[in-house]
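Visitor: Got input-v1.pdb for you, PDB, C-alpha atoms, pLDDT in the B column:
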ATOM      1  CA  MET Z1055       0.000   0.000   0.000  1.00 45.00           C
ATOM      2  CA  PRO Z1056       1.571   3.337  -0.988  1.00 47.00           C
ATOM      3  CA  LYS Z1057       2.501   5.745   1.766  1.00 50.00           C
ATOM      4  CA  ILE Z1058       0.336   8.815   2.054  1.00 51.00           C
ATOM      5  CA  ALA Z1059       2.336  12.012   2.395  1.00 46.00           C
ATOM      6  CA  PRO Z1060       1.373  14.099   5.429  1.00 46.00           C
ATOM      7  CA  ALA Z1061      -0.756  17.122   4.734  1.00 45.00           C
ATOM      8  CA  LYS Z1062       1.337  20.180   4.064  1.00 46.00           C
ATOM      9  CA  ALA Z1063       1.031  22.891   6.715  1.00 48.00           C
ATOM     10  CA  PRO Z1064      -0.607  26.064   5.419  1.00 53.00           C
ATOM     11  CA  SER Z1065       1.665  28.927   4.517  1.00 87.00           C
ATOM     12  CA  VAL Z1066       1.703  32.011   6.704  1.00 93.00           C
ATOM     13  CA  ALA Z1067      -0.369  33.818   4.075  1.00 94.00           C
ATOM     14  CA  ASN Z1068      -2.979  31.048   4.126  1.00 95.00           C
ATOM     15  CA  LEU Z1069      -2.993  31.009   7.910  1.00 96.00           C
ATOM     16  CA  ILE Z1070      -3.583  34.768   8.032  1.00 97.00           C
ATOM     17  CA  GLU Z1071      -6.406  34.427   5.497  1.00 96.00           C
ATOM     18  CA  ASN Z1072      -8.014  31.634   7.534  1.00 96.00           C
ATOM     19  CA  ILE Z1073      -7.850  33.652  10.750  1.00 97.00           C
ATOM     20  CA  ARG Z1074      -9.312  36.759   9.120  1.00 97.00           C
ATOM     21  CA  SER Z1075     -12.337  34.734   8.024  1.00 97.00           C
ATOM     22  CA  CYS Z1076     -12.765  33.029  11.411  1.00 97.00           C
ATOM     23  CA  THR Z1077     -16.244  33.032  12.957  1.00 95.00           C
ATOM     24  CA  ILE Z1078     -15.694  30.382  15.640  1.00 95.00           C
ATOM     25  CA  CYS Z1079     -16.842  32.604  18.529  1.00 94.00           C
ATOM     26  CA  THR Z1080     -20.607  33.045  18.714  1.00 91.00           C
ATOM     27  CA  GLY Z1081     -22.489  35.831  20.429  1.00 93.00           C
ATOM     28  CA  LEU Z1082     -19.855  38.536  20.036  1.00 96.00           C
ATOM     29  CA  PRO Z1083     -21.587  41.886  20.682  1.00 95.00           C
ATOM     30  CA  LEU Z1084     -20.104  43.548  17.594  1.00 96.00           C
ATOM     31  CA  GLY Z1085     -19.639  40.395  15.547  1.00 96.00           C
ATOM     32  CA  PRO Z1086     -16.356  38.769  14.506  1.00 96.00           C
ATOM     33  CA  ARG Z1087     -13.518  40.978  13.334  1.00 97.00           C
ATOM     34  CA  PRO Z1088     -10.169  39.296  14.029  1.00 97.00           C
ATOM     35  CA  ILE Z1089      -7.441  41.896  14.607  1.00 98.00           C
ATOM     36  CA  PHE Z1090      -3.762  40.939  14.665  1.00 98.00           C
ATOM     37  CA  GLN Z1091      -0.538  41.203  12.680  1.00 98.00           C
ATOM     38  CA  PHE Z1092       2.432  38.954  12.034  1.00 98.00           C
ATOM     39  CA  SER Z1093       4.708  37.682   9.308  1.00 97.00           C
ATOM     40  CA  SER Z1094       7.175  34.837   8.974  1.00 95.00           C
ATOM     41  CA  LYS Z1095       9.933  37.395   9.672  1.00 96.00           C
ATOM     42  CA  SER Z1096       8.539  38.890  12.912  1.00 98.00           C
ATOM     43  CA  LYS Z1097      11.182  39.456  15.611  1.00 98.00           C
ATOM     44  CA  ILE Z1098       9.146  40.711  18.587  1.00 98.00           C
ATOM     45  CA  LEU Z1099       5.913  39.095  19.724  1.00 98.00           C
ATOM     46  CA  ILE Z1100       3.374  41.206  21.587  1.00 98.00           C
ATOM     47  CA  ALA Z1101       1.107  38.754  23.390  1.00 98.00           C
ATOM     48  CA  GLY Z1102      -1.802  40.830  24.624  1.00 96.00           C
ATOM     49  CA  GLN Z1103      -5.379  40.339  25.782  1.00 95.00           C
ATOM     50  CA  ALA Z1104      -8.083  41.158  23.207  1.00 96.00           C
ATOM     51  CA  PRO Z1105      -9.057  44.183  21.103  1.00 95.00           C
ATOM     52  CA  GLY Z1106     -11.114  46.882  22.783  1.00 92.00           C
ATOM     53  CA  ARG Z1107     -14.113  48.584  21.233  1.00 92.00           C
ATOM     54  CA  ILE Z1108     -12.046  51.385  19.634  1.00 91.00           C
ATOM     55  CA  THR Z1109      -9.639  48.874  18.133  1.00 93.00           C
ATOM     56  CA  HIS Z1110     -12.554  46.835  16.778  1.00 95.00           C
ATOM     57  CA  GLU Z1111     -14.045  49.885  15.092  1.00 95.00           C
ATOM     58  CA  LYS Z1112     -10.724  50.884  13.495  1.00 96.00           C
ATOM     59  CA  GLY Z1113      -9.551  47.363  12.671  1.00 96.00           C
ATOM     60  CA  ILE Z1114      -5.975  48.236  13.672  1.00 97.00           C
ATOM     61  CA  PRO Z1115      -4.313  46.682  16.746  1.00 97.00           C
ATOM     62  CA  PHE Z1116      -3.468  49.077  19.569  1.00 96.00           C
ATOM     63  CA  ASP Z1117      -4.645  52.129  17.630  1.00 95.00           C
ATOM     64  CA  ASP Z1118      -5.934  53.710  20.846  1.00 93.00           C
ATOM     65  CA  PRO Z1119      -4.611  55.350  24.046  1.00 93.00           C
ATOM     66  CA  SER Z1120      -3.259  51.974  25.226  1.00 94.00           C
ATOM     67  CA  GLY Z1121      -1.283  51.695  22.008  1.00 96.00           C
ATOM     68  CA  ASN Z1122       0.095  55.214  22.386  1.00 97.00           C
ATOM     69  CA  ARG Z1123       1.436  54.337  25.809  1.00 98.00           C
ATOM     70  CA  LEU Z1124       2.785  50.997  24.604  1.00 98.00           C
ATOM     71  CA  ARG Z1125       4.685  52.654  21.757  1.00 98.00           C
ATOM     72  CA  ASP Z1126       6.141  55.124  24.252  1.00 98.00           C
ATOM     73  CA  TRP Z1127       7.219  52.227  26.457  1.00 98.00           C
ATOM     74  CA  LEU Z1128       8.883  50.537  23.488  1.00 98.00           C
ATOM     75  CA  GLY Z1129      10.453  53.712  22.124  1.00 98.00           C
ATOM     76  CA  VAL Z1130       9.097  53.164  18.591  1.00 98.00           C
ATOM     77  CA  ASP Z1131       7.021  55.159  16.146  1.00 98.00           C
ATOM     78  CA  ARG Z1132       3.886  53.984  14.345  1.00 97.00           C
ATOM     79  CA  ASP Z1133       5.726  52.874  11.216  1.00 97.00           C
ATOM     80  CA  GLN Z1134       7.993  50.618  13.245  1.00 98.00           C
ATOM     81  CA  PHE Z1135       5.152  49.320  15.403  1.00 98.00           C
ATOM     82  CA  TYR Z1136       2.971  48.386  12.431  1.00 98.00           C
ATOM     83  CA  ASN Z1137       5.781  46.653  10.553  1.00 98.00           C
ATOM     84  CA  PRO Z1138       4.871  42.939  10.805  1.00 98.00           C
ATOM     85  CA  ASP Z1139       8.446  41.962   9.985  1.00 97.00           C
ATOM     86  CA  LEU Z1140       9.415  43.577  13.305  1.00 98.00           C
ATOM     87  CA  PHE Z1141       6.335  43.180  15.516  1.00 98.00           C
ATOM     88  CA  ALA Z1142       3.898  40.302  15.660  1.00 98.00           C
ATOM     89  CA  ILE Z1143       0.770  41.399  17.531  1.00 98.00           C
ATOM     90  CA  VAL Z1144      -1.053  38.245  18.587  1.00 98.00           C
ATOM     91  CA  PRO Z1145      -3.566  38.773  21.407  1.00 98.00           C
ATOM     92  CA  MET Z1146      -5.181  35.919  23.320  1.00 98.00           C
ATOM     93  CA  GLY Z1147      -8.461  36.764  21.622  1.00 98.00           C
ATOM     94  CA  PHE Z1148      -8.613  38.331  18.156  1.00 98.00           C
ATOM     95  CA  CYS Z1149     -12.113  39.829  18.452  1.00 98.00           C
ATOM     96  CA  PHE Z1150     -13.675  42.355  20.824  1.00 97.00           C
ATOM     97  CA  PRO Z1151     -15.299  40.184  23.538  1.00 97.00           C
ATOM     98  CA  GLY Z1152     -17.670  42.801  24.913  1.00 96.00           C
ATOM     99  CA  SER Z1153     -17.691  45.025  27.967  1.00 92.00           C
ATOM    100  CA  LYS Z1154     -18.667  44.847  31.594  1.00 87.00           C
ATOM    101  CA  LYS Z1155     -18.732  47.443  34.321  1.00 83.00           C
ATOM    102  CA  GLY Z1156     -15.173  48.631  34.834  1.00 76.00           C
ATOM    103  CA  GLY Z1157     -13.658  47.198  31.673  1.00 83.00           C
ATOM    104  CA  ASP Z1158     -13.819  44.646  28.880  1.00 91.00           C
ATOM    105  CA  LEU Z1159     -14.723  40.989  29.198  1.00 95.00           C
ATOM    106  CA  PRO Z1160     -11.931  38.369  29.153  1.00 95.00           C
ATOM    107  CA  PRO Z1161     -10.665  37.087  25.792  1.00 96.00           C
ATOM    108  CA  ARG Z1162     -12.766  34.259  24.404  1.00 96.00           C
ATOM    109  CA  LEU Z1163     -11.125  30.891  25.068  1.00 95.00           C
ATOM    110  CA  GLU Z1164     -12.038  29.459  21.661  1.00 96.00           C
ATOM    111  CA  CYS Z1165      -9.638  31.786  19.883  1.00 97.00           C
ATOM    112  CA  ALA Z1166      -6.380  30.717  21.516  1.00 96.00           C
ATOM    113  CA  GLU Z1167      -7.431  27.064  21.500  1.00 96.00           C
ATOM    114  CA  LYS Z1168      -8.019  27.208  17.752  1.00 97.00           C
ATOM    115  CA  TRP Z1169      -5.197  29.408  16.485  1.00 97.00           C
ATOM    116  CA  ARG Z1170      -2.426  30.153  18.972  1.00 97.00           C
ATOM    117  CA  ASP Z1171      -0.280  27.038  18.595  1.00 96.00           C
ATOM    118  CA  GLN Z1172      -0.518  27.265  14.796  1.00 96.00           C
ATOM    119  CA  ILE Z1173       0.656  30.872  14.809  1.00 97.00           C
ATOM    120  CA  LEU Z1174       3.484  30.403  17.280  1.00 96.00           C
ATOM    121  CA  ALA Z1175       4.754  27.448  15.247  1.00 95.00           C
ATOM    122  CA  GLU Z1176       5.173  29.814  12.279  1.00 95.00           C
ATOM    123  CA  LEU Z1177       6.932  32.560  14.257  1.00 96.00           C
ATOM    124  CA  SER Z1178      10.351  30.912  14.341  1.00 95.00           C
ATOM    125  CA  GLY Z1179      12.162  34.256  14.176  1.00 96.00           C
ATOM    126  CA  ILE Z1180      10.796  35.619  17.469  1.00 98.00           C
ATOM    127  CA  VAL Z1181      13.610  36.561  19.856  1.00 98.00           C
ATOM    128  CA  LEU Z1182      11.637  38.710  22.325  1.00 98.00           C
ATOM    129  CA  THR Z1183       8.128  38.082  23.651  1.00 98.00           C
ATOM    130  CA  LEU Z1184       6.263  40.820  25.511  1.00 98.00           C
ATOM    131  CA  VAL Z1185       3.537  39.272  27.664  1.00 98.00           C
ATOM    132  CA  ILE Z1186       0.898  41.854  28.508  1.00 97.00           C
ATOM    133  CA  GLY Z1187      -1.704  41.228  31.173  1.00 91.00           C
ATOM    134  CA  LYS Z1188      -2.936  38.294  33.223  1.00 91.00           C
ATOM    135  CA  TYR Z1189      -4.542  36.197  30.484  1.00 94.00           C
ATOM    136  CA  ALA Z1190      -1.432  36.248  28.297  1.00 96.00           C
ATOM    137  CA  MET Z1191       0.704  35.460  31.349  1.00 96.00           C
ATOM    138  CA  ASP Z1192      -1.449  32.424  32.113  1.00 95.00           C
ATOM    139  CA  TRP Z1193      -0.699  31.068  28.630  1.00 95.00           C
ATOM    140  CA  HIS Z1194       2.963  32.011  28.245  1.00 95.00           C
ATOM    141  CA  LEU Z1195       4.201  31.759  31.843  1.00 95.00           C
ATOM    142  CA  GLY Z1196       1.843  29.338  33.561  1.00 93.00           C
ATOM    143  CA  ALA Z1197       3.212  28.205  36.920  1.00 92.00           C
ATOM    144  CA  GLN Z1198       6.229  30.523  36.555  1.00 93.00           C
ATOM    145  CA  GLN Z1199       4.034  33.480  37.519  1.00 94.00           C
ATOM    146  CA  GLY Z1200       4.086  35.113  40.910  1.00 95.00           C
ATOM    147  CA  LYS Z1201       1.048  35.291  43.154  1.00 94.00           C
ATOM    148  CA  THR Z1202       0.082  38.658  41.666  1.00 95.00           C
ATOM    149  CA  LEU Z1203       0.689  40.463  38.408  1.00 94.00           C
ATOM    150  CA  THR Z1204       2.912  42.930  40.264  1.00 96.00           C
ATOM    151  CA  GLU Z1205       5.034  40.115  41.657  1.00 97.00           C
ATOM    152  CA  THR Z1206       5.346  38.570  38.189  1.00 97.00           C
ATOM    153  CA  VAL Z1207       6.442  41.829  36.592  1.00 97.00           C
ATOM    154  CA  LYS Z1208       8.895  42.517  39.434  1.00 97.00           C
ATOM    155  CA  ASN Z1209      10.583  39.223  38.586  1.00 97.00           C
ATOM    156  CA  TRP Z1210      11.081  40.369  34.991  1.00 97.00           C
ATOM    157  CA  GLU Z1211      14.828  39.680  34.893  1.00 97.00           C
ATOM    158  CA  SER Z1212      14.304  35.919  35.333  1.00 95.00           C
ATOM    159  CA  ALA Z1213      13.362  35.459  31.664  1.00 95.00           C
ATOM    160  CA  TRP Z1214      15.040  38.516  30.162  1.00 97.00           C
ATOM    161  CA  PRO Z1215      16.031  39.177  27.372  1.00 97.00           C
ATOM    162  CA  GLU Z1216      13.845  36.521  25.697  1.00 97.00           C
ATOM    163  CA  LEU Z1217      10.603  37.348  27.512  1.00 98.00           C
ATOM    164  CA  LEU Z1218       9.186  40.274  29.470  1.00 98.00           C
ATOM    165  CA  PRO Z1219       5.953  40.259  31.522  1.00 98.00           C
ATOM    166  CA  MET Z1220       4.284  43.672  31.456  1.00 97.00           C
ATOM    167  CA  PRO Z1221       1.223  45.397  32.890  1.00 96.00           C
ATOM    168  CA  HIS Z1222      -1.403  46.435  30.397  1.00 95.00           C
ATOM    169  CA  PRO Z1223      -0.723  49.937  29.010  1.00 96.00           C
ATOM    170  CA  SER Z1224      -4.390  50.899  29.450  1.00 92.00           C
ATOM    171  CA  PRO Z1225      -5.108  54.338  30.926  1.00 92.00           C
ATOM    172  CA  ARG Z1226      -6.958  52.416  33.649  1.00 90.00           C
ATOM    173  CA  ASN Z1227      -3.558  51.247  34.913  1.00 93.00           C
ATOM    174  CA  GLY Z1228      -2.363  54.770  35.739  1.00 94.00           C
ATOM    175  CA  LEU Z1229      -2.733  54.113  39.459  1.00 96.00           C
ATOM    176  CA  TRP Z1230      -0.633  50.935  39.196  1.00 96.00           C
ATOM    177  CA  LEU Z1231       2.136  52.857  37.457  1.00 97.00           C
ATOM    178  CA  LYS Z1232       2.090  55.528  40.174  1.00 97.00           C
ATOM    179  CA  LYS Z1233       2.350  52.853  42.867  1.00 97.00           C
ATOM    180  CA  ASN Z1234       5.127  51.025  41.010  1.00 98.00           C
ATOM    181  CA  PRO Z1235       7.514  53.672  39.648  1.00 98.00           C
ATOM    182  CA  TRP Z1236      10.262  51.027  39.393  1.00 98.00           C
ATOM    183  CA  PHE Z1237       8.604  49.704  36.220  1.00 98.00           C
ATOM    184  CA  GLU Z1238       9.231  52.826  34.151  1.00 97.00           C
ATOM    185  CA  ARG Z1239      12.531  53.540  35.912  1.00 98.00           C
ATOM    186  CA  ASP Z1240      14.139  50.083  35.830  1.00 98.00           C
ATOM    187  CA  VAL Z1241      12.352  48.036  33.178  1.00 98.00           C
ATOM    188  CA  LEU Z1242      11.686  50.413  30.300  1.00 98.00           C
ATOM    189  CA  PRO Z1243      15.286  51.544  29.586  1.00 98.00           C
ATOM    190  CA  PRO Z1244      16.618  48.001  28.904  1.00 98.00           C
ATOM    191  CA  LEU Z1245      13.430  47.203  27.002  1.00 98.00           C
ATOM    192  CA  GLN Z1246      13.889  50.229  24.750  1.00 98.00           C
ATOM    193  CA  ARG Z1247      17.550  49.364  24.147  1.00 98.00           C
ATOM    194  CA  ARG Z1248      16.612  45.801  23.200  1.00 98.00           C
ATOM    195  CA  VAL Z1249      13.832  46.926  20.855  1.00 98.00           C
ATOM    196  CA  LYS Z1250      16.129  49.491  19.206  1.00 98.00           C
ATOM    197  CA  GLN Z1251      18.750  46.824  18.618  1.00 97.00           C
ATOM    198  CA  LEU Z1252      16.225  44.504  16.986  1.00 97.00           C
ATOM    199  CA  ALA Z1253      14.730  47.336  14.933  1.00 97.00           C
ATOM    200  CA  ASP Z1254      18.181  48.346  13.703  1.00 95.00           C
ATOM    201  CA  ASP Z1255      19.008  44.738  12.818  1.00 90.00           C
ATOM    202  CA  ASN Z1256      15.711  44.450  10.976  1.00 84.00           C
ATOM    203  CA  SER Z1257      16.403  47.531   8.853  1.00 81.00           C
ATOM    204  CA  ASN Z1258      19.856  46.340   7.738  1.00 74.00           C
TER     205      ASN Z1258
END
Could the structure of this file be written out as structure tokens, please?
Guide:
Amino acid sequence: MPKIAPAKAPSVANLIENIRSCTICTGLPLGPRPIFQFSSKSKILIAGQAPGRITHEKGIPFDDPSGNRLRDWLGVDRDQFYNPDLFAIVPMGFCFPGSKKGGDLPPRLECAEKWRDQILAELSGIVLTLVIGKYAMDWHLGAQQGKTLTETVKNWESAWPELLPMPHPSPRNGLWLKKNPWFERDVLPPLQRRVKQLADDNSN
């Protein structure tokens, strides 16, 4: 009996097309609109939570006040940030999950279960992963987390320079930043140096 060749894995372009047409999550308040970016050449992975309402309406990841703060933290401009050969932006949920009092709902579980392993398998060039928020930390850090998000971020040097746990850059986290000035003082300078190095390497 002749051997059957294993099915060929979809190309990155096919994978992106499949994700953009995904409707696996039902009951989304604004309907499905997967928002992400990556390429086979991406160097830095931003593992976030899920798009907010503004992001859903614009269809561009982090094109909101959270994104403005994140770009400041990284020390990059919009052109650099939206270059998929430099940044892969792969949240835990690709679609806006809806809101509740005090913030947005958690990312839908179906999304990561369906797509995340496939995407990460294609991102072989990633050398720095930025893990933003509790849900992304649960996936990427698991039992390596501290008891609180603050404790996890304080232990940032344990996985540096390959991985960095970060608080969410949302304006709602202004109080956390005031209570934890060490983050901007001690963490952001080496982060910005690392990002600049990778951006410079990417442009050569």
Visitor: Quick one: contact table of segment 1167-1233 of chain Z to segment 1097-1119 of chain Z, 6 Å max, nearest atom pair and distance in Å to one decimal per residue, counting all atoms listed in the file, chain and number order, as a tab-separated table?
Guide:
residue	atom	partner	partner_atom	distance
Z:Gly1179	CA	Z:Lys1097	CA	5.5
Z:Ile1180	CA	Z:Lys1097	CA	4.3
Z:Val1181	CA	Z:Lys1097	CA	5.7
Z:Leu1182	CA	Z:Ile1098	CA	4.9
Z:Thr1183	CA	Z:Leu1099	CA	4.6
Z:Leu1184	CA	Z:Ile1100	CA	4.9
Z:Val1185	CA	Z:Ala1101	CA	4.9
Z:Ile1186	CA	Z:Gly1102	CA	4.8
Z:Ala1190	CA	Z:Gly1102	CA	5.9
Visitor: Considering all atoms listed in the file, state which residue in the set Z:Leu1218, Z:Leu1203, Z:Leu1128, Z:Cys1079 is at the smallest distance from Ala1166 of chain Z.
Guide: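 Nearest candidate to Ala1166 of chain Z out of Z:Leu1218, Z:Leu1203, Z:Leu1128, Z:Cys1079: Z:Cys1079.
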Visitor: Provide the atom CA of Trp1236 of chain Z to atom CA of Ser1120 of chain Z distance in Å, to one decimal place.
Guide: 19.6 Å
Visitor: So which one's closest to Arg1226 of chain Z, Z:Gly1157, Z:Trp1169, Z:Val1066, Z:Lys1208? Using only C-alpha atoms, please.
Guide: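 Checking each candidate against Arg1226 of chain Z, we get Z:Gly1157 as the closest.
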Visitor: For Val1249 of chain Z, work out the shell of residues within 8 Å, counting all atoms listed in the file and skipping chain neighbours fewer than 4 positions away, then give it as a PyMOL selection string.
Guide: chain Z and resi 1128-1129+1245+1253
Visitor: I'd like the neighbourhood of Gly1152 of chain Z as a ChimeraX atom specification, where a residue qualifies if any of its atoms comes within 9 Å (using only C-alpha atoms), though same-chain residues fewer than 6 positions away should be ignored.
Guide: /Z:1082-1084,1106-1107,1158-1160
Visitor: Tell me which protein, DNA and RNA residues are within 12 Å of segment 1230-1235 of chain Z, counting all atoms listed in the file, leaving out same-chain ones fewer than 4 positions away, and put them as JSON, numbers by chain.
Guide: {"Z": [1123, 1203, 1204, 1205, 1207, 1208, 1220, 1221, 1222, 1223, 1224, 1225, 1226, 1239, 1240, 1241, 1242]}
